[in-house]
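**Q** Got a structure for you, structure_7.pdb, holding PDB, C-alpha atoms.
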```pdb
ATOM      1  CA  MET A 115       6.551 -13.129 -33.829  1.00  0.00           C
ATOM      2  CA  LEU A 116       7.913 -10.627 -31.319  1.00  0.00           C
ATOM      3  CA  ARG A 117       8.507  -8.157 -34.133  1.00  0.00           C
ATOM      4  CA  VAL A 118       4.861  -8.393 -35.241  1.00  0.00           C
ATOM      5  CA  PHE A 119       3.622  -8.091 -31.674  1.00  0.00           C
ATOM      6  CA  SER A 120       5.907  -5.094 -31.050  1.00  0.00           C
ATOM      7  CA  VAL A 121       4.571  -3.260 -34.095  1.00  0.00           C
ATOM      8  CA  ALA A 122       0.988  -3.944 -32.981  1.00  0.00           C
ATOM      9  CA  TYR A 123       1.725  -2.859 -29.414  1.00  0.00           C
ATOM     10  CA  TRP A 124       3.340   0.453 -30.345  1.00  0.00           C
ATOM     11  CA  ALA A 125       0.589   1.098 -32.895  1.00  0.00           C
ATOM     12  CA  PHE A 126      -1.963   0.532 -30.132  1.00  0.00           C
ATOM     13  CA  ILE A 127      -0.185   3.111 -27.967  1.00  0.00           C
ATOM     14  CA  VAL A 128      -0.031   5.659 -30.798  1.00  0.00           C
ATOM     15  CA  LEU A 129      -3.737   5.232 -31.558  1.00  0.00           C
ATOM     16  CA  THR A 130      -4.968   5.355 -27.965  1.00  0.00           C
ATOM     17  CA  CYS A 131      -2.751   8.138 -26.582  1.00  0.00           C
ATOM     18  CA  PRO A 132      -4.857  10.911 -28.207  1.00  0.00           C
ATOM     19  CA  VAL A 133      -7.970   9.453 -26.591  1.00  0.00           C
ATOM     20  CA  PHE A 134      -6.325   9.447 -23.163  1.00  0.00           C
ATOM     21  CA  PHE A 135      -5.060  12.973 -23.773  1.00  0.00           C
ATOM     22  CA  VAL A 136      -8.609  14.216 -24.304  1.00  0.00           C
ATOM     23  CA  GLY A 137      -9.394  12.792 -20.870  1.00  0.00           C
ATOM     24  CA  ALA A 138      -6.308  14.534 -19.455  1.00  0.00           C
ATOM     25  CA  LEU A 139      -7.493  17.859 -20.858  1.00  0.00           C
ATOM     26  CA  LEU A 140     -10.883  17.388 -19.226  1.00  0.00           C
ATOM     27  CA  VAL A 141      -9.309  16.513 -15.856  1.00  0.00           C
ATOM     28  CA  TRP A 142      -7.027  19.539 -16.121  1.00  0.00           C
ATOM     29  CA  LEU A 143      -9.877  21.903 -16.948  1.00  0.00           C
ATOM     30  CA  VAL A 144     -12.200  20.610 -14.232  1.00  0.00           C
ATOM     31  CA  THR A 145      -9.573  20.589 -11.460  1.00  0.00           C
ATOM     32  CA  LEU A 146      -7.627  23.724 -12.451  1.00  0.00           C
ATOM     33  CA  PRO A 147      -9.473  26.083 -10.058  1.00  0.00           C
ATOM     34  CA  PHE A 148      -8.714  24.058  -6.909  1.00  0.00           C
ATOM     35  CA  ASP A 149      -5.858  21.622  -7.666  1.00  0.00           C
ATOM     36  CA  ARG A 150      -2.814  23.858  -8.063  1.00  0.00           C
ATOM     37  CA  ARG A 151      -0.383  20.971  -7.667  1.00  0.00           C
ATOM     38  CA  ARG A 152      -2.293  19.039 -10.382  1.00  0.00           C
ATOM     39  CA  VAL A 153      -2.477  15.920  -8.241  1.00  0.00           C
ATOM     40  CA  ALA A 154      -5.641  14.682  -9.949  1.00  0.00           C
ATOM     41  CA  LEU A 155      -4.095  15.097 -13.386  1.00  0.00           C
ATOM     42  CA  HIS A 156      -0.949  13.250 -12.331  1.00  0.00           C
ATOM     43  CA  LEU A 157      -2.982  10.341 -10.940  1.00  0.00           C
ATOM     44  CA  TYR A 158      -4.955  10.213 -14.178  1.00  0.00           C
ATOM     45  CA  SER A 159      -1.643  10.201 -16.078  1.00  0.00           C
ATOM     46  CA  SER A 160      -0.431   7.407 -13.800  1.00  0.00           C
ATOM     47  CA  ALA A 161      -3.434   5.284 -14.720  1.00  0.00           C
ATOM     48  CA  TRP A 162      -2.878   6.100 -18.399  1.00  0.00           C
ATOM     49  CA  ALA A 163       0.763   4.987 -18.292  1.00  0.00           C
ATOM     50  CA  ALA A 164       0.195   1.926 -16.095  1.00  0.00           C
ATOM     51  CA  PHE A 165      -2.583   0.786 -18.437  1.00  0.00           C
ATOM     52  CA  TYR A 166       0.014   0.103 -21.146  1.00  0.00           C
ATOM     53  CA  VAL A 167       1.992  -2.081 -18.745  1.00  0.00           C
ATOM     54  CA  TYR A 168      -0.927  -4.127 -17.480  1.00  0.00           C
ATOM     55  CA  VAL A 169      -2.475  -4.789 -20.917  1.00  0.00           C
ATOM     56  CA  ASN A 170       0.789  -6.122 -22.339  1.00  0.00           C
ATOM     57  CA  PRO A 171       0.635  -9.944 -22.070  1.00  0.00           C
ATOM     58  CA  LEU A 172       4.439 -10.152 -22.081  1.00  0.00           C
ATOM     59  CA  TRP A 173       4.800  -8.028 -18.950  1.00  0.00           C
ATOM     60  CA  ARG A 174       3.972  -8.629 -15.329  1.00  0.00           C
ATOM     61  CA  LEU A 175       4.516  -5.907 -12.755  1.00  0.00           C
ATOM     62  CA  ARG A 176       4.635  -6.062  -8.974  1.00  0.00           C
ATOM     63  CA  VAL A 177       5.077  -3.076  -6.668  1.00  0.00           C
ATOM     64  CA  ALA A 178       6.630  -3.542  -3.236  1.00  0.00           C
ATOM     65  CA  GLY A 179       6.879  -0.891  -0.538  1.00  0.00           C
ATOM     66  CA  ARG A 180       4.451   1.585  -2.094  1.00  0.00           C
ATOM     67  CA  ASP A 181       3.081   2.395   1.363  1.00  0.00           C
ATOM     68  CA  ARG A 182       6.442   3.942   2.277  1.00  0.00           C
ATOM     69  CA  LEU A 183       5.827   6.824  -0.115  1.00  0.00           C
ATOM     70  CA  PRO A 184       4.009   9.863   1.262  1.00  0.00           C
ATOM     71  CA  TRP A 185       0.775  11.230  -0.151  1.00  0.00           C
ATOM     72  CA  HIS A 186       1.541  14.637   1.305  1.00  0.00           C
ATOM     73  CA  GLY A 187       4.760  16.569   1.743  1.00  0.00           C
ATOM     74  CA  ALA A 188       7.904  17.095  -0.273  1.00  0.00           C
ATOM     75  CA  ALA A 189      10.375  14.295  -0.957  1.00  0.00           C
ATOM     76  CA  VAL A 190      12.931  13.257  -3.560  1.00  0.00           C
ATOM     77  CA  LEU A 191      12.375   9.885  -5.257  1.00  0.00           C
ATOM     78  CA  VAL A 192      15.371   8.400  -7.092  1.00  0.00           C
ATOM     79  CA  ALA A 193      15.321   5.269  -9.260  1.00  0.00           C
ATOM     80  CA  ASN A 194      17.740   3.345 -11.444  1.00  0.00           C
ATOM     81  CA  HIS A 195      17.162   3.581 -15.186  1.00  0.00           C
ATOM     82  CA  ALA A 196      17.571   0.572 -17.482  1.00  0.00           C
ATOM     83  CA  SER A 197      14.801   0.895 -20.067  1.00  0.00           C
ATOM     84  CA  LEU A 198      12.318   3.220 -21.729  1.00  0.00           C
ATOM     85  CA  ILE A 199       9.510   1.408 -19.929  1.00  0.00           C
ATOM     86  CA  ASP A 200      10.897   2.447 -16.527  1.00  0.00           C
ATOM     87  CA  ILE A 201       8.774   5.569 -16.925  1.00  0.00           C
ATOM     88  CA  LEU A 202       5.619   3.516 -17.441  1.00  0.00           C
ATOM     89  CA  VAL A 203       6.221   1.213 -14.498  1.00  0.00           C
ATOM     90  CA  LEU A 204       7.153   4.032 -12.103  1.00  0.00           C
ATOM     91  CA  PHE A 205       3.875   5.759 -12.840  1.00  0.00           C
ATOM     92  CA  ALA A 206       2.322   2.629 -11.304  1.00  0.00           C
ATOM     93  CA  LEU A 207       3.450   3.880  -7.892  1.00  0.00           C
ATOM     94  CA  PHE A 208       0.355   6.123  -7.962  1.00  0.00           C
ATOM     95  CA  ARG A 209       1.829   8.879  -5.829  1.00  0.00           C
ATOM     96  CA  PRO A 210       1.648  12.620  -6.675  1.00  0.00           C
ATOM     97  CA  PHE A 211       5.240  13.279  -7.747  1.00  0.00           C
ATOM     98  CA  LYS A 212       6.597  15.536 -10.473  1.00  0.00           C
ATOM     99  CA  TRP A 213       8.887  14.024 -13.088  1.00  0.00           C
ATOM    100  CA  VAL A 214      12.232  15.565 -13.964  1.00  0.00           C
ATOM    101  CA  SER A 215      12.799  14.460 -17.556  1.00  0.00           C
ATOM    102  CA  LYS A 216      14.936  15.249 -20.555  1.00  0.00           C
ATOM    103  CA  GLN A 217      13.663  18.006 -22.815  1.00  0.00           C
ATOM    104  CA  GLU A 218      13.263  15.703 -25.829  1.00  0.00           C
ATOM    105  CA  ILE A 219      10.323  13.906 -24.231  1.00  0.00           C
ATOM    106  CA  PHE A 220       8.437  17.186 -23.896  1.00  0.00           C
ATOM    107  CA  ARG A 221       8.621  17.575 -27.683  1.00  0.00           C
ATOM    108  CA  VAL A 222       6.829  14.278 -28.357  1.00  0.00           C
ATOM    109  CA  PRO A 223       3.266  15.000 -29.541  1.00  0.00           C
ATOM    110  CA  VAL A 224       0.530  14.140 -27.024  1.00  0.00           C
ATOM    111  CA  ILE A 225       2.945  12.673 -24.437  1.00  0.00           C
ATOM    112  CA  GLY A 226       4.920  15.903 -24.204  1.00  0.00           C
ATOM    113  CA  TRP A 227       1.750  17.989 -24.148  1.00  0.00           C
ATOM    114  CA  ASN A 228       0.506  16.002 -21.167  1.00  0.00           C
ATOM    115  CA  MET A 229       3.838  16.416 -19.390  1.00  0.00           C
ATOM    116  CA  ARG A 230       3.532  20.178 -19.751  1.00  0.00           C
ATOM    117  CA  LEU A 231      -0.037  20.128 -18.459  1.00  0.00           C
ATOM    118  CA  ASN A 232       1.229  18.244 -15.404  1.00  0.00           C
ATOM    119  CA  GLY A 233       3.954  20.778 -14.727  1.00  0.00           C
ATOM    120  CA  TYR A 234       6.777  18.264 -14.999  1.00  0.00           C
ATOM    121  CA  VAL A 235      10.310  19.623 -15.205  1.00  0.00           C
ATOM    122  CA  PRO A 236      12.373  19.529 -18.426  1.00  0.00           C
ATOM    123  CA  VAL A 237      16.163  19.510 -18.541  1.00  0.00           C
ATOM    124  CA  VAL A 238      18.682  19.487 -21.388  1.00  0.00           C
ATOM    125  CA  ARG A 239      21.597  17.222 -20.601  1.00  0.00           C
ATOM    126  CA  GLY A 240      24.929  18.997 -20.859  1.00  0.00           C
ATOM    127  CA  SER A 241      23.423  22.498 -20.734  1.00  0.00           C
ATOM    128  CA  GLY A 242      24.429  24.406 -17.626  1.00  0.00           C
ATOM    129  CA  ALA A 243      21.703  27.007 -18.161  1.00  0.00           C
ATOM    130  CA  SER A 244      19.044  24.309 -18.476  1.00  0.00           C
ATOM    131  CA  VAL A 245      20.272  22.520 -15.359  1.00  0.00           C
ATOM    132  CA  ARG A 246      20.087  25.796 -13.410  1.00  0.00           C
ATOM    133  CA  ARG A 247      16.510  26.388 -14.584  1.00  0.00           C
ATOM    134  CA  MET A 248      15.645  22.815 -13.669  1.00  0.00           C
ATOM    135  CA  MET A 249      17.082  23.239 -10.171  1.00  0.00           C
ATOM    136  CA  GLU A 250      15.198  26.518  -9.678  1.00  0.00           C
ATOM    137  CA  ARG A 251      11.924  24.864 -10.688  1.00  0.00           C
ATOM    138  CA  CYS A 252      12.625  21.870  -8.444  1.00  0.00           C
ATOM    139  CA  ASN A 253      13.277  24.241  -5.539  1.00  0.00           C
ATOM    140  CA  GLU A 254       9.859  25.827  -6.146  1.00  0.00           C
ATOM    141  CA  LEU A 255       8.103  22.468  -6.310  1.00  0.00           C
ATOM    142  CA  LEU A 256       9.712  21.143  -3.137  1.00  0.00           C
ATOM    143  CA  ALA A 257       8.902  24.388  -1.326  1.00  0.00           C
ATOM    144  CA  ALA A 258       5.272  23.923  -2.417  1.00  0.00           C
ATOM    145  CA  GLY A 259       5.219  20.372  -1.032  1.00  0.00           C
ATOM    146  CA  SER A 260       5.500  18.394  -4.282  1.00  0.00           C
ATOM    147  CA  PRO A 261       7.692  15.266  -4.379  1.00  0.00           C
ATOM    148  CA  LEU A 262      10.116  14.889  -7.295  1.00  0.00           C
ATOM    149  CA  MET A 263      10.969  11.776  -9.297  1.00  0.00           C
ATOM    150  CA  MET A 264      14.467  11.696 -10.788  1.00  0.00           C
ATOM    151  CA  PHE A 265      16.851   9.272 -12.481  1.00  0.00           C
ATOM    152  CA  PRO A 266      20.165  10.183 -10.783  1.00  0.00           C
ATOM    153  CA  GLU A 267      22.172   8.193 -13.329  1.00  0.00           C
ATOM    154  CA  GLY A 268      21.129  10.826 -15.871  1.00  0.00           C
ATOM    155  CA  THR A 269      20.581   8.328 -18.676  1.00  0.00           C
ATOM    156  CA  ARG A 270      19.780   4.675 -19.221  1.00  0.00           C
ATOM    157  CA  THR A 271      22.464   2.127 -18.469  1.00  0.00           C
ATOM    158  CA  SER A 272      23.901   0.430 -21.557  1.00  0.00           C
ATOM    159  CA  ASP A 273      24.970  -2.852 -19.923  1.00  0.00           C
ATOM    160  CA  GLY A 274      22.658  -3.282 -16.954  1.00  0.00           C
ATOM    161  CA  SER A 275      25.185  -2.062 -14.390  1.00  0.00           C
ATOM    162  CA  LEU A 276      24.306   0.809 -12.059  1.00  0.00           C
ATOM    163  CA  ARG A 277      25.950   3.990 -13.305  1.00  0.00           C
ATOM    164  CA  PRO A 278      27.392   6.706 -11.029  1.00  0.00           C
ATOM    165  CA  PHE A 279      24.787   9.067  -9.600  1.00  0.00           C
ATOM    166  CA  LYS A 280      24.737  12.790 -10.268  1.00  0.00           C
ATOM    167  CA  ASP A 281      24.477  15.283  -7.420  1.00  0.00           C
ATOM    168  CA  GLY A 282      21.340  17.278  -8.254  1.00  0.00           C
ATOM    169  CA  ALA A 283      18.691  15.183  -6.499  1.00  0.00           C
ATOM    170  CA  PHE A 284      20.742  14.979  -3.319  1.00  0.00           C
ATOM    171  CA  ASP A 285      21.670  18.665  -3.258  1.00  0.00           C
ATOM    172  CA  LEU A 286      17.937  19.403  -3.428  1.00  0.00           C
ATOM    173  CA  ALA A 287      17.147  16.972  -0.615  1.00  0.00           C
ATOM    174  CA  MET A 288      19.851  18.476   1.585  1.00  0.00           C
ATOM    175  CA  ARG A 289      18.775  22.041   0.854  1.00  0.00           C
ATOM    176  CA  HIS A 290      15.132  21.397   1.694  1.00  0.00           C
ATOM    177  CA  GLY A 291      15.661  18.813   4.411  1.00  0.00           C
ATOM    178  CA  VAL A 292      13.334  16.313   2.735  1.00  0.00           C
ATOM    179  CA  PRO A 293      13.684  12.508   2.680  1.00  0.00           C
ATOM    180  CA  VAL A 294      15.185  10.614  -0.233  1.00  0.00           C
ATOM    181  CA  PHE A 295      13.367   7.451  -1.284  1.00  0.00           C
ATOM    182  CA  PRO A 296      15.612   5.043  -3.241  1.00  0.00           C
ATOM    183  CA  ILE A 297      13.599   2.929  -5.679  1.00  0.00           C
ATOM    184  CA  ALA A 298      14.968  -0.222  -7.310  1.00  0.00           C
ATOM    185  CA  VAL A 299      13.431  -1.054 -10.691  1.00  0.00           C
ATOM    186  CA  HIS A 300      13.950  -4.734 -11.504  1.00  0.00           C
ATOM    187  CA  GLY A 301      13.593  -6.560 -14.804  1.00  0.00           C
ATOM    188  CA  THR A 302      12.781  -3.790 -17.257  1.00  0.00           C
ATOM    189  CA  GLY A 303      16.137  -3.972 -19.024  1.00  0.00           C
ATOM    190  CA  GLN A 304      15.199  -7.419 -20.313  1.00  0.00           C
ATOM    191  CA  ALA A 305      11.909  -6.157 -21.744  1.00  0.00           C
ATOM    192  CA  LEU A 306      13.171  -3.524 -24.148  1.00  0.00           C
ATOM    193  CA  PRO A 307      16.689  -2.890 -25.461  1.00  0.00           C
ATOM    194  CA  ARG A 308      18.306   0.507 -25.016  1.00  0.00           C
ATOM    195  CA  LYS A 309      18.282   0.944 -28.788  1.00  0.00           C
ATOM    196  CA  GLY A 310      15.258  -0.145 -30.752  1.00  0.00           C
ATOM    197  CA  LEU A 311      11.599  -0.795 -29.974  1.00  0.00           C
ATOM    198  CA  ILE A 312      11.332  -4.544 -30.480  1.00  0.00           C
ATOM    199  CA  LEU A 313      10.121  -6.152 -27.261  1.00  0.00           C
ATOM    200  CA  LYS A 314      12.526  -8.887 -26.259  1.00  0.00           C
ATOM    201  CA  GLU A 315      10.828 -11.373 -24.000  1.00  0.00           C
ATOM    202  CA  GLN A 316       8.298 -12.020 -21.286  1.00  0.00           C
ATOM    203  CA  ILE A 317       9.360 -10.361 -18.067  1.00  0.00           C
ATOM    204  CA  ARG A 318       8.314 -10.021 -14.468  1.00  0.00           C
ATOM    205  CA  ALA A 319       9.168  -6.451 -13.553  1.00  0.00           C
ATOM    206  CA  ARG A 320       9.209  -5.264  -9.982  1.00  0.00           C
ATOM    207  CA  ILE A 321       9.371  -1.844  -8.354  1.00  0.00           C
ATOM    208  CA  GLU A 322      10.859  -1.905  -4.874  1.00  0.00           C
ATOM    209  CA  VAL A 323      10.531   1.215  -2.726  1.00  0.00           C
ATOM    210  CA  LEU A 324      13.387   1.051  -0.230  1.00  0.00           C
ATOM    211  CA  PRO A 325      13.571   2.646   3.236  1.00  0.00           C
ATOM    212  CA  PRO A 326      13.904   6.435   3.080  1.00  0.00           C
ATOM    213  CA  LEU A 327      17.126   8.258   3.803  1.00  0.00           C
ATOM    214  CA  THR A 328      17.010  11.338   6.045  1.00  0.00           C
ATOM    215  CA  PRO A 329      19.428  14.145   5.044  1.00  0.00           C
ATOM    216  CA  THR A 330      20.246  15.009   8.657  1.00  0.00           C
ATOM    217  CA  ASP A 331      21.768  11.548   9.050  1.00  0.00           C
ATOM    218  CA  PHE A 332      24.501  12.418   6.525  1.00  0.00           C
ATOM    219  CA  PRO A 333      27.297  15.001   6.616  1.00  0.00           C
ATOM    220  CA  ASP A 334      26.776  16.188   3.038  1.00  0.00           C
ATOM    221  CA  ALA A 335      25.067  15.555  -0.295  1.00  0.00           C
ATOM    222  CA  TYR A 336      27.911  13.308  -1.449  1.00  0.00           C
ATOM    223  CA  ALA A 337      27.379  10.894   1.453  1.00  0.00           C
ATOM    224  CA  LEU A 338      23.619  10.954   0.887  1.00  0.00           C
ATOM    225  CA  ARG A 339      24.117  10.254  -2.814  1.00  0.00           C
ATOM    226  CA  GLU A 340      26.381   7.287  -2.188  1.00  0.00           C
ATOM    227  CA  ALA A 341      24.018   5.862   0.434  1.00  0.00           C
ATOM    228  CA  ALA A 342      21.138   6.000  -2.069  1.00  0.00           C
ATOM    229  CA  ARG A 343      23.236   4.347  -4.759  1.00  0.00           C
ATOM    230  CA  GLU A 344      24.387   1.644  -2.347  1.00  0.00           C
ATOM    231  CA  SER A 345      20.791   0.973  -1.290  1.00  0.00           C
ATOM    232  CA  ILE A 346      19.574   0.562  -4.868  1.00  0.00           C
ATOM    233  CA  GLY A 347      22.646  -1.434  -5.899  1.00  0.00           C
ATOM    234  CA  LYS A 348      22.189  -3.872  -3.012  1.00  0.00           C
ATOM    235  CA  ALA A 349      18.512  -4.363  -3.869  1.00  0.00           C
ATOM    236  CA  LEU A 350      19.310  -5.017  -7.526  1.00  0.00           C
ATOM    237  CA  ALA A 351      22.027  -7.512  -6.613  1.00  0.00           C
ATOM    238  CA  GLU A 352      19.586  -9.469  -4.440  1.00  0.00           C
ATOM    239  CA  SER A 353      16.936  -9.792  -7.170  1.00  0.00           C
TER     240      SER A 353
END
```
Starting from the file, give its structure as structure tokens.
**A**
Amino acid sequence: MLRVFSVAYWAFIVLTCPVFFVGALLVWLVTLPFDRRRVALHLYSSAWAAFYVYVNPLWRLRVAGRDRLPWHGAAVLVANHASLIDILVLFALFRPFKWVSKQEIFRVPVIGWNMRLNGYVPVVRGSGASVRRMMERCNELLAAGSPLMMFPEGTRTSDGSLRPFKDGAFDLAMRHGVPVFPIAVHGTGQALPRKGLILKEQIRARIEVLPPLTPTDFPDAYALREAARESIGKALAES
């Protein structure tokens, strides 16, 4: 039964994404002259992504601590990564951040086109040149007042445990003196396996925005990184 439902669900996404993309194009065209940060387009994209979470009868999502996130001003948002649907549920934060995402997603028809319209940041894992370009673009976005959303583990966990964090997000926060918001994503690993697209079971996912970390409270990016990882790890252990 889950296999049949999964096929129907993914087919529904494939069929409706082009319709949503037409709406994204219209939002982009209308707001282009005055919305340089593409906030309106991102919020439209957030509604598009969250729609697929809320219409799925197997999934329930609750967001805690959303009011901690700023509407204005640069920040670095970091979240754990257990499932493909983490991206969908994090859009449900409805805050104007820019995604940093692997290059392969930008090549997906419709989804990737929308990511480019939004000005999200691609990166190729393992490519030093790509990482440098990503960091340069992130520097520009933070300087312009745009928050960033990053998965500091770099890839999805294979066993549910929290992987070591990479330095990039925390180097950026230190360099620009902007707060880091740790975000714990609960329950998504049970919804969809790391390999395959068959939905596994009914889940109650939860996004928990944790208290921000101020770079000036830490001696270096390493200490900031470990504090963020400890904050997320503690929240996950208490769920």
**Q** Find the residues near range 256-272 of chain A: any atom within 9 Å, counting all atoms listed in the file, skip ones fewer than 6 places away on the same chain, and give them as a PyMOL selection string.
**A** chain A and resi 151+184+186-198+209-216+239+278-284+286-287+290+292+303+307-308+339+343
**Q** Give as a PDB file with C-alpha atoms, in the frame of the given file the set of residues within 10 Å of the point (3.0, 24.5, -25.9), where distances use the file's coordinates and all atoms listed in the file.
**A**
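What ended up in part-v2.pdb:
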```
ATOM      1  CA  PHE A 220       8.437  17.186 -23.896  1.00  0.00           C
ATOM      2  CA  ARG A 221       8.621  17.575 -27.683  1.00  0.00           C
ATOM      3  CA  GLY A 226       4.920  15.903 -24.204  1.00  0.00           C
ATOM      4  CA  TRP A 227       1.750  17.989 -24.148  1.00  0.00           C
ATOM      5  CA  ARG A 230       3.532  20.178 -19.751  1.00  0.00           C
ATOM      6  CA  LEU A 231      -0.037  20.128 -18.459  1.00  0.00           C
TER       7      LEU A 231
END
```
**Q** Measuring between only C-alpha atoms, which one of A:Val144, A:Val153, A:Gly291, A:Ala349 shows the shortest distance to Thr328 in chain A?
**A** A:Gly291
**Q** Under the rule that only C-alpha atoms are counted, which of A:Leu157, A:Val169, A:Trp162, A:Ile225 is the nearest residue to Tyr123 in chain A?
**A**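 Using only C-alpha atoms, the shortest distance to Tyr123 in chain A belongs to A:Val169.
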**Q** Around (-5.7, 21.1, -12.6) in the file's frame, which residues reach within 12 Å when counting only C-alpha atoms? Return as a ChimeraX atom specification?
**A** /A:138-158,228,230-233
**Q** Under the PyMOL selection byres ((chain A and resi 306) around 12), which residues of this model are included? Write them out as JSON, numbers by chain.
**A** {"A": [116, 117, 120, 172, 173, 196, 197, 198, 199, 200, 270, 272, 274, 301, 302, 303, 304, 305, 307, 308, 309, 310, 311, 312, 313, 314, 315, 316, 317, 319]}
**Q** In Å, rounded to a single decimal, give me how far CA of Ile201 in chain A is from CA of Val235 in chain A.
**A**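 For CA of Val235 in chain A relative to CA of Ile201 in chain A, the distance reads 14.2 Å.
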**Q** So which residues touch Ala341 in chain A within 12 Å, counting all atoms listed in the file, skipping near sequence neighbours fewer than 6 positions away, as a list in words?
**A**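 Here the answer would be Val192, Pro278, Phe279, Phe284, Val294, Phe295, Pro296, Leu324, Pro325, Pro326, Leu327, Thr328, Pro329, Asp331, Phe332, Pro333, Asp334, Ala335, Gly347 and Lys348 of chain A.
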**Q** Give me, as a PyMOL selection string, all polymer residues having an atom no more than 12 Å from Glu352 in chain A, counting all atoms listed in the file and skipping those fewer than 6 positions away in the same chain.
**A** chain A and resi 298+300+322+345-346
**Q** Rounded to one decimal place, report the CA of Ala342 in chain A-CA of Arg320 in chain A distance in Å.
**A**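 Between CA of Ala342 in chain A and CA of Arg320 in chain A the gap works out to 18.2 Å.
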**Q** Each side padded by 3 Å, which centre and which edge lengths in Å (one decimal) define the axis-aligned box around the listed atoms of range 317-322 of chain A? Give them as lines of an AutoDock Vina configuration file.
**A**
```
center_x = 9.6
center_y = -6.1
center_z = -11.5
size_x = 8.5
size_y = 14.5
size_z = 19.2
```
**Q** So, with only C-alpha atoms as the atoms that count, which of A:Val238, A:Leu175, A:Val245, A:Met115 lies closest to Ile321 in chain A?
**A**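 For Ile321 in chain A, the nearest of the given residues is A:Leu175.
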**Q** Pick from A:Phe126, A:Leu207, A:Ala161, A:Ala243: nearest to Arg182 in chain A, with only C-alpha atoms counted?
**A**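 Ranking A:Phe126, A:Leu207, A:Ala161, A:Ala243 by distance to Arg182 in chain A, first place goes to A:Leu207.
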